[in-house]
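S.K.: For reference, this is query23.cif, and it has mmCIF, C-alpha atoms (C1' of nucleotides).
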data_query
#
loop_
_atom_site.label_atom_id
_atom_site.label_comp_id
_atom_site.auth_asym_id
_atom_site.auth_seq_id
_atom_site.Cartn_x
_atom_site.Cartn_y
_atom_site.Cartn_z
CA MET A 1 -36.86 -4.56 8.89
CA TYR A 2 -33.34 -5.39 7.88
CA ARG A 3 -34.29 -6.72 4.46
CA GLU A 4 -35.45 -3.24 3.50
CA LEU A 5 -31.88 -2.02 3.82
CA LEU A 6 -30.73 -4.70 1.44
CA LYS A 7 -33.52 -4.01 -1.02
CA ASN A 8 -32.52 -0.42 -0.99
CA TYR A 9 -28.93 -1.33 -1.64
CA PHE A 10 -29.89 -3.39 -4.69
CA LEU A 11 -32.20 -0.68 -6.00
CA LYS A 12 -29.32 1.75 -6.11
CA ILE A 13 -27.66 -0.56 -8.65
CA ILE A 14 -30.39 -1.75 -11.00
CA ASP A 15 -34.14 -1.44 -11.36
CA LEU A 16 -36.06 -4.28 -9.76
CA THR A 17 -39.76 -4.77 -9.12
CA SER A 18 -40.95 -5.30 -5.56
CA ASP A 19 -41.63 -8.90 -6.44
CA GLU A 20 -38.12 -9.41 -7.69
CA LEU A 21 -36.69 -7.69 -4.64
CA GLU A 22 -38.77 -9.85 -2.39
CA ASP A 23 -37.80 -12.97 -4.27
CA ILE A 24 -34.14 -12.11 -3.94
CA THR A 25 -33.96 -10.91 -0.37
CA ARG A 26 -36.08 -13.66 1.15
CA ARG A 27 -33.22 -16.04 0.41
CA TYR A 28 -30.98 -14.21 2.83
CA ARG A 29 -31.24 -15.12 6.49
CA GLU A 30 -30.30 -13.15 9.54
CA LYS A 31 -27.18 -14.09 11.44
CA ASN A 32 -25.99 -12.59 14.70
CA VAL A 33 -22.34 -12.50 15.60
CA LYS A 34 -20.78 -11.55 18.89
CA ARG A 35 -17.93 -9.12 19.30
CA GLY A 36 -14.62 -10.83 18.63
CA GLU A 37 -16.15 -13.80 16.85
CA PHE A 38 -14.63 -14.93 13.55
CA ILE A 39 -17.02 -15.75 10.75
CA LEU A 40 -14.12 -16.91 8.60
CA ARG A 41 -10.56 -17.97 9.32
CA GLN A 42 -7.60 -18.33 7.03
CA GLY A 43 -7.55 -21.84 5.55
CA GLU A 44 -11.27 -22.43 5.92
CA VAL A 45 -13.68 -22.32 3.02
CA CYS A 46 -15.90 -19.25 2.86
CA ARG A 47 -19.44 -20.62 2.91
CA LEU A 48 -21.36 -17.41 3.35
CA GLU A 49 -21.73 -14.12 1.60
CA GLY A 50 -22.84 -11.54 4.11
CA TYR A 51 -24.37 -8.08 4.00
CA VAL A 52 -23.78 -6.10 7.19
CA VAL A 53 -26.88 -4.51 8.70
CA LYS A 54 -25.48 -3.78 12.14
CA GLY A 55 -22.06 -3.62 13.73
CA CYS A 56 -18.67 -3.76 12.10
CA PHE A 57 -16.17 -6.31 10.81
CA LYS A 58 -12.54 -6.32 9.90
CA ILE A 59 -11.23 -8.32 6.96
CA SER A 60 -7.55 -9.07 7.36
CA VAL A 61 -4.71 -11.26 6.24
CA THR A 62 -1.93 -12.64 8.42
CA ASP A 63 1.48 -12.86 6.79
CA SER A 64 4.19 -15.41 7.37
CA GLU A 65 5.73 -13.46 10.26
CA GLY A 66 2.40 -13.33 12.07
CA GLY A 67 1.78 -9.68 11.25
CA GLU A 68 -1.85 -8.87 10.65
CA LYS A 69 -2.79 -6.55 7.79
CA VAL A 70 -6.29 -5.10 7.68
CA LEU A 71 -7.60 -5.19 4.14
CA TYR A 72 -10.79 -3.33 4.88
CA PHE A 73 -13.53 -2.66 7.39
CA ALA A 74 -17.17 -3.47 6.76
CA ALA A 75 -19.86 -1.54 8.62
CA ARG A 76 -23.55 -1.25 7.81
CA ASP A 77 -24.33 -1.45 4.11
CA TRP A 78 -21.08 -3.25 3.25
CA TRP A 79 -20.42 -6.82 2.20
CA VAL A 80 -18.20 -9.36 3.89
CA MET A 81 -16.87 -12.40 2.13
CA GLU A 82 -13.70 -13.87 0.74
CA ILE A 83 -14.67 -13.45 -2.85
CA ASP A 84 -12.27 -16.07 -4.22
CA SER A 85 -12.97 -18.65 -1.56
CA PHE A 86 -16.72 -18.19 -1.82
CA ALA A 87 -16.74 -18.48 -5.60
CA ASN A 88 -14.43 -21.47 -5.89
CA GLN A 89 -14.94 -23.06 -2.47
CA SER A 90 -11.18 -22.90 -2.05
CA ALA A 91 -9.19 -22.20 1.11
CA SER A 92 -9.46 -18.62 2.28
CA ASP A 93 -6.50 -16.29 2.61
CA LEU A 94 -8.44 -13.97 4.85
CA ASP A 95 -9.83 -13.67 8.34
CA ILE A 96 -13.15 -11.99 8.96
CA GLN A 97 -13.86 -10.96 12.53
CA ALA A 98 -16.61 -8.97 14.21
CA LEU A 99 -15.38 -5.86 16.00
CA GLU A 100 -18.79 -5.32 17.62
CA ASP A 101 -21.87 -7.39 18.27
CA SER A 102 -23.14 -7.47 14.73
CA THR A 103 -25.90 -8.66 12.45
CA LEU A 104 -25.62 -9.90 8.91
CA LEU A 105 -27.91 -11.04 6.17
CA VAL A 106 -26.23 -14.12 4.75
CA ILE A 107 -26.65 -16.50 1.88
CA SER A 108 -24.87 -19.80 1.33
CA ARG A 109 -22.93 -20.67 -1.76
CA SER A 110 -25.49 -23.18 -3.02
CA GLU A 111 -28.44 -20.90 -2.35
CA LYS A 112 -26.62 -18.09 -4.15
CA GLU A 113 -26.05 -20.31 -7.13
CA ARG A 114 -29.74 -21.19 -7.16
CA LEU A 115 -30.52 -17.49 -7.00
CA TYR A 116 -28.37 -16.83 -10.06
CA GLN A 117 -30.24 -19.56 -11.94
CA GLU A 118 -33.73 -18.57 -10.93
CA VAL A 119 -33.38 -14.80 -11.08
CA PRO A 120 -31.05 -14.02 -13.99
CA LYS A 121 -31.05 -10.33 -13.21
CA VAL A 122 -28.99 -11.15 -10.16
CA GLU A 123 -26.08 -12.00 -12.42
CA ARG A 124 -26.27 -8.49 -13.75
CA LEU A 125 -26.65 -7.04 -10.29
CA PHE A 126 -23.52 -8.69 -9.01
CA ARG A 127 -21.62 -8.06 -12.21
CA ILE A 128 -22.15 -4.36 -11.75
CA MET A 129 -21.30 -4.52 -8.06
CA SER A 130 -18.10 -6.38 -8.83
CA GLN A 131 -17.07 -3.98 -11.54
CA ARG A 132 -17.54 -1.08 -9.16
CA ALA A 133 -15.48 -2.93 -6.61
CA VAL A 134 -12.66 -3.33 -9.12
CA ALA A 135 -12.65 0.40 -9.77
CA ALA A 136 -12.63 1.09 -6.04
CA TRP A 137 -9.66 -1.19 -5.41
CA GLN A 138 -7.80 0.44 -8.27
CA ARG A 139 -8.41 3.85 -6.77
CA ARG A 140 -7.23 2.67 -3.38
CA LEU A 141 -4.01 1.36 -4.90
CA VAL A 142 -3.38 4.65 -6.62
CA ARG A 143 -4.00 6.53 -3.39
CA ASN A 144 -1.53 4.30 -1.60
CA GLN A 145 1.14 5.04 -4.17
CA THR A 146 0.33 8.71 -4.56
CA MET A 147 -0.23 9.93 -1.02
CA ASN A 148 2.00 9.70 2.01
CA ALA A 149 0.87 8.29 5.33
CA GLU A 150 -0.60 11.56 6.59
CA GLY A 151 -2.56 12.09 3.40
CA ARG A 152 -3.92 8.57 3.54
CA TYR A 153 -4.93 9.04 7.15
CA HIS A 154 -6.69 12.27 6.35
CA HIS A 155 -8.52 10.62 3.49
CA PHE A 156 -9.56 7.77 5.73
CA ILE A 157 -10.99 9.80 8.57
CA THR A 158 -12.89 12.13 6.28
CA THR A 159 -14.22 9.32 4.08
CA TYR A 160 -15.13 6.96 6.91
CA PRO A 161 -15.85 9.07 9.99
CA GLU A 162 -18.10 6.42 11.57
CA ILE A 163 -15.49 3.71 11.18
CA THR A 164 -12.84 6.02 12.56
CA GLU A 165 -14.78 6.23 15.80
CA LEU A 166 -15.49 2.54 15.97
CA VAL A 167 -12.11 0.94 15.47
CA THR A 168 -8.79 1.30 17.27
CA ASN A 169 -5.95 3.35 15.87
CA LYS A 170 -3.89 0.21 15.73
CA LEU A 171 -6.28 -1.25 13.18
CA ILE A 172 -6.46 1.98 11.22
CA ALA A 173 -2.68 2.01 11.05
CA SER A 174 -2.72 -1.50 9.70
CA TYR A 175 -5.31 -0.56 7.11
CA LEU A 176 -3.18 2.39 6.04
CA GLY A 177 -0.09 0.23 5.81
CA ILE A 178 1.88 1.97 8.56
CA THR A 179 2.83 1.17 12.14
CA GLN A 180 0.79 2.08 15.15
CA GLU A 181 3.62 4.25 16.44
CA PHE A 182 3.93 6.23 13.27
CA LEU A 183 0.20 6.87 13.17
CA SER A 184 0.45 8.12 16.72
CA MET A 185 3.08 10.63 15.62
CA ILE A 186 0.95 11.75 12.70
CA ARG A 187 -2.01 12.30 15.00
CA LYS A 188 0.13 14.34 17.33
CA ARG A 189 1.42 16.55 14.53
CA ARG A 190 -2.13 17.10 13.31
CA SER A 191 -3.43 18.07 16.74
CA ILE A 192 -0.61 20.57 17.17
CA LYS A 193 -1.26 22.09 13.76
CA LYS A 194 -4.92 22.62 14.59
CA ALA A 195 -4.21 24.37 17.88
CA MET B 196 -7.43 -16.24 -36.12
CA TYR B 197 -7.51 -13.77 -33.24
CA ARG B 198 -11.06 -14.58 -32.23
CA GLU B 199 -9.93 -18.07 -31.29
CA LEU B 200 -7.77 -16.58 -28.57
CA LEU B 201 -10.76 -14.77 -27.16
CA LYS B 202 -12.97 -17.84 -27.37
CA ASN B 203 -10.37 -19.73 -25.47
CA TYR B 204 -10.22 -17.05 -22.83
CA PHE B 205 -13.96 -17.24 -22.29
CA LEU B 206 -13.94 -21.04 -22.20
CA LYS B 207 -11.55 -20.97 -19.29
CA ILE B 208 -14.24 -19.16 -17.32
CA ILE B 209 -17.54 -20.83 -18.16
CA ASP B 210 -18.84 -23.52 -20.49
CA LEU B 211 -20.12 -22.21 -23.78
CA THR B 212 -21.18 -23.97 -26.97
CA SER B 213 -19.38 -23.16 -30.22
CA ASP B 214 -22.51 -21.36 -31.33
CA GLU B 215 -22.57 -19.21 -28.25
CA LEU B 216 -18.87 -18.48 -28.57
CA GLU B 217 -19.32 -17.52 -32.17
CA ASP B 218 -22.29 -15.36 -31.35
CA ILE B 219 -20.32 -13.54 -28.68
CA THR B 220 -17.00 -13.07 -30.37
CA ARG B 221 -18.35 -11.98 -33.75
CA ARG B 222 -19.44 -8.76 -32.06
CA TYR B 223 -15.85 -7.81 -31.39
CA ARG B 224 -13.93 -6.13 -34.15
CA GLU B 225 -10.22 -5.87 -34.73
CA LYS B 226 -8.48 -2.61 -34.02
CA ASN B 227 -4.85 -1.81 -34.71
CA VAL B 228 -2.98 0.72 -32.65
CA LYS B 229 0.45 2.14 -33.29
CA ARG B 230 3.18 2.36 -30.71
CA GLY B 231 2.71 5.41 -28.53
CA GLU B 232 -0.90 5.94 -29.50
CA PHE B 233 -3.42 6.57 -26.73
CA ILE B 234 -6.69 4.70 -26.93
CA LEU B 235 -7.99 6.63 -23.93
CA ARG B 236 -6.98 9.84 -22.24
CA GLN B 237 -7.86 11.17 -18.83
CA GLY B 238 -11.09 13.18 -19.05
CA GLU B 239 -12.42 11.40 -22.11
CA VAL B 240 -15.19 8.82 -21.97
CA CYS B 241 -14.09 5.23 -22.43
CA ARG B 242 -16.06 3.98 -25.42
CA LEU B 243 -14.36 0.66 -25.97
CA GLU B 244 -13.64 -2.46 -24.05
CA GLY B 245 -10.60 -4.14 -25.53
CA TYR B 246 -9.01 -7.56 -25.40
CA VAL B 247 -5.32 -7.50 -26.32
CA VAL B 248 -4.28 -10.05 -28.91
CA LYS B 249 -0.93 -8.54 -29.84
CA GLY B 250 1.41 -5.97 -28.34
CA CYS B 251 1.26 -4.29 -24.98
CA PHE B 252 -0.42 -1.38 -23.25
CA LYS B 253 0.11 0.60 -20.11
CA ILE B 254 -2.79 1.84 -18.02
CA SER B 255 -1.78 4.80 -15.91
CA VAL B 256 -3.00 7.75 -13.93
CA THR B 257 -1.43 11.19 -13.81
CA ASP B 258 -1.61 12.93 -10.45
CA SER B 259 -1.91 16.62 -9.74
CA GLU B 260 1.86 17.19 -9.83
CA GLY B 261 2.11 15.60 -13.26
CA GLY B 262 3.64 12.38 -11.97
CA GLU B 263 2.54 9.33 -13.89
CA LYS B 264 1.66 6.16 -11.98
CA VAL B 265 1.36 2.93 -13.90
CA LEU B 266 -1.62 0.97 -12.65
CA TYR B 267 -0.97 -2.10 -14.76
CA PHE B 268 0.33 -3.44 -18.04
CA ALA B 269 -1.82 -5.35 -20.48
CA ALA B 270 -0.17 -7.76 -22.91
CA ARG B 271 -1.74 -10.56 -24.94
CA ASP B 272 -4.74 -12.15 -23.24
CA TRP B 273 -5.42 -9.13 -21.00
CA TRP B 274 -8.19 -6.56 -21.06
CA VAL B 275 -7.89 -2.83 -21.38
CA MET B 276 -10.60 -0.43 -20.36
CA GLU B 277 -11.48 2.11 -17.76
CA ILE B 278 -14.06 0.01 -16.06
CA ASP B 279 -15.88 2.89 -14.39
CA SER B 280 -15.86 5.17 -17.40
CA PHE B 281 -16.98 2.40 -19.72
CA ALA B 282 -19.84 1.31 -17.48
CA ASN B 283 -21.17 4.78 -16.67
CA GLN B 284 -19.93 6.71 -19.69
CA SER B 285 -18.30 9.10 -17.25
CA ALA B 286 -14.99 10.93 -17.56
CA SER B 287 -12.00 8.62 -17.30
CA ASP B 288 -9.32 8.96 -14.63
CA LEU B 289 -6.92 6.85 -16.62
CA ASP B 290 -4.73 6.95 -19.68
CA ILE B 291 -4.33 3.89 -21.85
CA GLN B 292 -1.40 3.92 -24.23
CA ALA B 293 0.13 1.35 -26.56
CA LEU B 294 3.76 0.56 -25.78
CA GLU B 295 4.13 -1.40 -29.03
CA ASP B 296 2.29 -1.67 -32.28
CA SER B 297 -0.67 -3.61 -31.00
CA THR B 298 -3.92 -5.26 -31.93
CA LEU B 299 -7.12 -5.42 -29.94
CA LEU B 300 -10.51 -6.99 -30.24
CA VAL B 301 -12.89 -4.24 -29.19
CA ILE B 302 -16.55 -3.79 -28.48
CA SER B 303 -18.44 -0.56 -28.00
CA ARG B 304 -20.52 0.25 -24.99
CA SER B 305 -23.83 -0.03 -26.85
CA GLU B 306 -22.88 -3.26 -28.58
CA LYS B 307 -21.78 -4.67 -25.25
CA GLU B 308 -25.10 -3.77 -23.73
CA ARG B 309 -26.86 -5.50 -26.59
CA LEU B 310 -24.68 -8.53 -26.00
CA TYR B 311 -25.72 -8.66 -22.36
CA GLN B 312 -29.38 -8.56 -23.41
CA GLU B 313 -29.17 -11.11 -26.18
CA VAL B 314 -26.80 -13.58 -24.57
CA PRO B 315 -27.59 -13.63 -20.86
CA LYS B 316 -24.71 -15.97 -20.10
CA VAL B 317 -22.41 -13.07 -20.83
CA GLU B 318 -23.58 -11.39 -17.65
CA ARG B 319 -22.38 -14.43 -15.77
CA LEU B 320 -19.13 -14.52 -17.72
CA PHE B 321 -18.25 -10.96 -16.87
CA ARG B 322 -19.50 -11.27 -13.32
CA ILE B 323 -17.01 -14.07 -12.73
CA MET B 324 -14.24 -12.18 -14.49
CA SER B 325 -14.91 -9.12 -12.36
CA GLN B 326 -14.98 -11.07 -9.15
CA ARG B 327 -11.64 -12.61 -9.99
CA ALA B 328 -10.31 -9.17 -10.75
CA VAL B 329 -11.42 -7.94 -7.33
CA ALA B 330 -9.54 -10.78 -5.67
CA ALA B 331 -6.46 -10.02 -7.76
CA TRP B 332 -6.48 -6.33 -6.80
CA GLN B 333 -6.85 -7.27 -3.16
CA ARG B 334 -3.85 -9.54 -3.39
CA ARG B 335 -1.82 -6.84 -5.07
CA LEU B 336 -2.64 -4.41 -2.30
CA VAL B 337 -1.58 -6.91 0.33
CA ARG B 338 1.66 -7.55 -1.52
CA ASN B 339 2.34 -3.85 -1.63
CA GLN B 340 1.88 -3.54 2.10
CA THR B 341 3.65 -6.76 2.99
CA MET B 342 6.73 -6.81 0.80
CA ASN B 343 9.49 -4.26 0.40
CA ALA B 344 10.56 -2.87 -2.95
CA GLU B 345 13.02 -5.64 -3.72
CA GLY B 346 10.45 -8.32 -2.95
CA ARG B 347 7.89 -6.63 -5.15
CA TYR B 348 10.38 -6.36 -7.98
CA HIS B 349 11.28 -10.02 -7.66
CA HIS B 350 7.62 -10.97 -7.70
CA PHE B 351 7.05 -8.84 -10.76
CA ILE B 352 9.86 -10.20 -12.89
CA THR B 353 9.09 -13.81 -12.05
CA THR B 354 5.34 -13.40 -12.53
CA TYR B 355 5.53 -11.35 -15.72
CA PRO B 356 8.80 -12.22 -17.46
CA GLU B 357 7.50 -11.24 -20.91
CA ILE B 358 6.36 -7.85 -19.70
CA THR B 359 9.67 -7.33 -17.92
CA GLU B 360 11.43 -7.59 -21.26
CA LEU B 361 8.98 -5.39 -23.07
CA VAL B 362 8.73 -2.33 -20.88
CA THR B 363 11.29 0.12 -19.53
CA ASN B 364 12.54 -0.01 -15.98
CA LYS B 365 11.14 3.43 -15.45
CA LEU B 366 7.65 2.08 -16.03
CA ILE B 367 8.25 -0.97 -13.88
CA ALA B 368 9.40 1.32 -11.08
CA SER B 369 6.22 3.31 -11.43
CA TYR B 370 4.14 0.13 -11.33
CA LEU B 371 5.95 -0.97 -8.18
CA GLY B 372 5.47 2.41 -6.56
CA ILE B 373 9.14 3.34 -6.30
CA THR B 374 11.46 5.71 -8.11
CA GLN B 375 13.44 4.83 -11.16
CA GLU B 376 16.68 5.52 -9.28
CA PHE B 377 15.83 3.24 -6.43
CA LEU B 378 14.92 0.43 -8.79
CA SER B 379 18.27 0.92 -10.45
CA MET B 380 19.97 0.43 -7.09
CA ILE B 381 17.93 -2.70 -6.41
CA ARG B 382 18.92 -4.14 -9.77
CA LYS B 383 22.55 -3.45 -9.07
CA ARG B 384 22.41 -5.17 -5.70
CA ARG B 385 20.75 -8.18 -7.29
CA SER B 386 23.34 -8.46 -10.05
CA ILE B 387 26.14 -8.32 -7.50
CA LYS B 388 24.52 -10.98 -5.34
CA LYS B 389 24.22 -13.34 -8.29
CA ALA B 390 27.84 -12.95 -9.35
"C1'" DC C 391 24.05 10.47 -37.14
"C1'" DG C 392 21.86 13.24 -33.57
"C1'" DA C 393 18.38 14.27 -30.14
"C1'" DA C 394 15.70 12.63 -26.66
"C1'" DA C 395 14.92 9.46 -23.25
"C1'" DA C 396 16.39 5.77 -20.15
"C1'" DT C 397 19.66 4.24 -16.94
"C1'" DT C 398 23.13 4.61 -13.61
"C1'" DT C 399 25.65 6.73 -9.84
"C1'" DG C 400 26.53 9.27 -5.66
"C1'" DA C 401 25.62 12.61 -1.98
"C1'" DC C 402 22.28 13.92 0.91
"C1'" DA C 403 17.49 14.26 2.95
"C1'" DT C 404 13.43 12.33 5.04
"C1'" DG C 405 9.60 9.23 5.83
"C1'" DA C 406 8.69 5.38 8.16
"C1'" DC C 407 10.13 1.39 11.13
"C1'" DT C 408 12.05 -0.88 15.42
"C1'" DC C 409 12.58 -1.32 20.03
"C1'" DA C 410 11.88 -0.20 24.61
"C1'" DA C 411 9.74 2.26 28.15
"C1'" DC C 412 5.85 4.51 30.07
"C1'" DT C 413 0.77 5.80 30.62
"C1'" DG C 414 -3.92 5.12 30.97
"C1'" DG C 415 -8.32 2.95 30.25
"C1'" DA C 416 -11.34 -1.29 29.83
"C1'" DG C 417 -12.56 -5.76 31.23
"C1'" DT C 418 -12.31 -9.42 34.83
"C1'" DG C 419 -12.34 -11.96 39.00
"C1'" DG C 420 -12.44 -11.84 43.84
"C1'" DC D 421 -16.18 -2.04 44.24
"C1'" DC D 422 -11.39 -2.68 44.25
"C1'" DA D 423 -7.12 -4.56 42.54
"C1'" DC D 424 -5.11 -6.57 38.71
"C1'" DT D 425 -4.02 -7.43 34.16
"C1'" DC D 426 -3.93 -6.64 29.51
"C1'" DC D 427 -3.82 -3.80 25.60
"C1'" DA D 428 -4.04 0.41 23.08
"C1'" DG D 429 -1.78 4.54 22.81
"C1'" DT D 430 2.21 7.62 23.26
"C1'" DT D 431 7.04 9.02 23.31
"C1'" DG D 432 11.82 9.11 22.08
"C1'" DA D 433 16.24 7.40 20.30
"C1'" DG D 434 18.38 5.23 16.77
"C1'" DT D 435 18.18 3.01 12.19
"C1'" DC D 436 16.86 1.64 7.60
"C1'" DA D 437 14.37 2.09 3.35
"C1'" DT D 438 13.37 4.98 -0.02
"C1'" DG D 439 13.15 9.64 -2.12
"C1'" DT D 440 15.42 13.92 -4.21
"C1'" DC D 441 18.51 16.22 -6.98
"C1'" DA D 442 22.08 16.60 -10.16
"C1'" DA D 443 25.40 14.84 -13.25
"C1'" DA D 444 27.48 11.34 -16.24
"C1'" DT D 445 26.60 7.51 -19.46
"C1'" DT D 446 24.15 4.57 -22.44
"C1'" DT D 447 20.43 3.30 -25.33
"C1'" DT D 448 16.74 4.08 -28.47
"C1'" DC D 449 14.70 5.65 -32.39
"C1'" DG D 450 13.53 8.97 -35.68
#
Show the structure stored in the file as C-alpha cells.
M.R.:
Amino acid sequence: MYRELLKNYFLKIIDLTSDELEDITRRYREKNVKRGEFILRQGEVCRLEGYVVKGCFKISVTDSEGGEKVLYFAARDWWVMEIDSFANQSASDLDIQALEDSTLLVISRSEKERLYQEVPKVERLFRIMSQRAVAAWQRRLVRNQTMNAEGRYHHFITTYPEITELVTNKLIASYLGITQEFLSMIRKRRSIKKA
Amino acid sequence: MYRELLKNYFLKIIDLTSDELEDITRRYREKNVKRGEFILRQGEVCRLEGYVVKGCFKISVTDSEGGEKVLYFAARDWWVMEIDSFANQSASDLDIQALEDSTLLVISRSEKERLYQEVPKVERLFRIMSQRAVAAWQRRLVRNQTMNAEGRYHHFITTYPEITELVTNKLIASYLGITQEFLSMIRKRRSIKKA
DNA sequence: CGAAAATTTGACATGACTCAACTGGAGTGG
DNA sequence: CCACTCCAGTTGAGTCATGTCAAATTTTCG
C-alpha cells in the first residue's frame, strides 16, 4: 500500500517505531489528480503538503512577461508544496501541475500542525528534511553557475533518467534555464558525437 | 551583549520565554576571527554552527579548475555553516572565510545535538528556519534564471547595501555568476545612465 | 613606500537567444 | 478511421549577452 512508501521514506531519515510510523502516516490521505490538473496556482494559498506516490508533477513560476520557468519536477518519492505558502498561509508564487494522472498522499496545514504537536519527533524529521533540501538547492545553484548548458543537460539526464523520459524537452529546457531551441541544438550535437 | 542579538533573532521565528531563550543562547560561545582567516575549508568537517554578530564572511566553493564561486555572504544576523557537513559530519564542499575581523556565536555539533534533546522547541525553531531558507534559495534560483546580469546586480545592491560596501566587486561578480570584467562594464553603463 | 590585488578598458570570441519557417506526432471531433 | 488542429521538436540566420585575454591604472594593505 502507498503508505508503506512513505513510511520507508521517513525511515531513511530518522529511526521511528512502527507505532510512530503508523501514527504519522495515517494522517495523510490519498488524493488522485488527473493529467494537466493544477493542485496549486499562483496567488492561491497552498493548503496541502503532498508526497508523490504515482505520476509526476511540475513546479513552476510564471514571470511578468508570461514566461514559465520550471523550478523542479516531482515524481514518485518526492514532495510537492509551496513551502512558504504552506507554512505561512500566504499567497503562492508557484504553480503545481500534474504531468500525468497521479496520486499523492496529502496532509492539510492544520492537520500537519496537530501532527507536530502530538508527535514531536516529526519536528525533527522535517527539520532534517529541510536542511537536506537547503544543501540540495545550494548545490543546484553552484551547478548552474559552474556548468554550461550542455553540462547541465548531461547532469540532468544521468541524474533523473526516469523524469527525462516522462517530460517534454521544452520543460527540461525551462528547468535548465535555456530555450527549447538551444536544447534542441545541444541534443543534436550530442547525437552526432556519439555516432 | 551579543547574545541579545541572537535572542532577538530567535524571537522573530517562534515564541520563547526568557528562560528558554537564556537556556538556548547560553550554549553558544563567542569566537573571534581575524580578517582572512578560514573557519572551514573544503574537505574538512564542519564542526561549528555560527551566528555572525560582527564582521562579514564569504561562503564559497572552488571548482575543479580552481575558480572560486561565492555562494553567499554572511554579515551580522546571518548564519555560517556547511549545513550538510555539520549535520552528517561529512567532508565539506565549501570554504568559509572572514572578510573582516569578525565575531561569531558558535555551537559545536555535539552541544547542538544536546540542545535539540533538552529543549525540543529548538527542533521547531530550526525546522522553520530551514524551511524559510529553502524558499529563499528557490527564489534566488528563479531570479538567476529570470533576470539578466544587470538586473541581478541591481537587485543585489538594493537588497544588500551594507554588503555591497563591504566586499569587492570581484566577489560580487562571483556571487552573481558573472565575470569581474563584465560587472565592471555594467557599473560603467549604470554610472553613465545616471549622469 | 612597495608589492599584490582589484578595477577598468578594449578587442575579439562564443554561448545562448530570437524569430520564423518547417516537420511530425498526439489528441479530437465528425 | 480519417481529417484536422495543435504543439513539441528541429533548423537556420542573425543578434545580443557575456566570456576571454591582455594590458593599463588604481587601490589596498602590509
S.K.: Applied to this file, what does the PyMOL selection byres ((chain B and resi 230-233) around 10) return in terms of residues, put as a list in words?
M.R.: Asn227, Val228, Lys229, Ile234, Leu235, Arg236, Gly250, Cys251, Phe252, Lys253, Ile254, Asp290, Ile291, Gln292, Ala293, Leu294, Glu295, Asp296 and Ser297 of chain B
S.K.: Quick one: pull the distance between CA of Phe182 (chain A) and CA of Ala149 (chain A), Å, one decimal.
M.R.: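 That distance, rounded to one decimal, is 8.8 Å.
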S.K.: Please provide the set of residues having any atom within 12 Å of DT435 (chain D), restricted to all atoms listed in the file, with same-chain residues fewer than 6 positions apart removed, written as a PyMOL selection string.
M.R.: chain C and resi 406-409
S.K.: Expand the PyMOL selection byres ((chain C and resi 417) around 12) into the individual residues it matches in the shown file, reporting them as a CSV table (one decimal) with C-alpha atoms (C1' of nucleotides), keeping the file's coordinate frame.
M.R.:
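As a result, selection-v2.csv now contains:
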chain,number,residue,atom,x,y,z
C,415,DG,C1',-8.3,3.0,30.2
C,416,DA,C1',-11.3,-1.3,29.8
C,418,DT,C1',-12.3,-9.4,34.8
C,419,DG,C1',-12.3,-12.0,39.0
D,424,DC,C1',-5.1,-6.6,38.7
D,425,DT,C1',-4.0,-7.4,34.2
D,426,DC,C1',-3.9,-6.6,29.5
D,427,DC,C1',-3.8,-3.8,25.6
S.K.: With a distance threshold of 10 Å and counting only C-alpha atoms (C1' of nucleotides), extract the residues of chain A near chain C and express them as a PyMOL selection string.
M.R.: chain A and resi 148-149+178-179+181-183
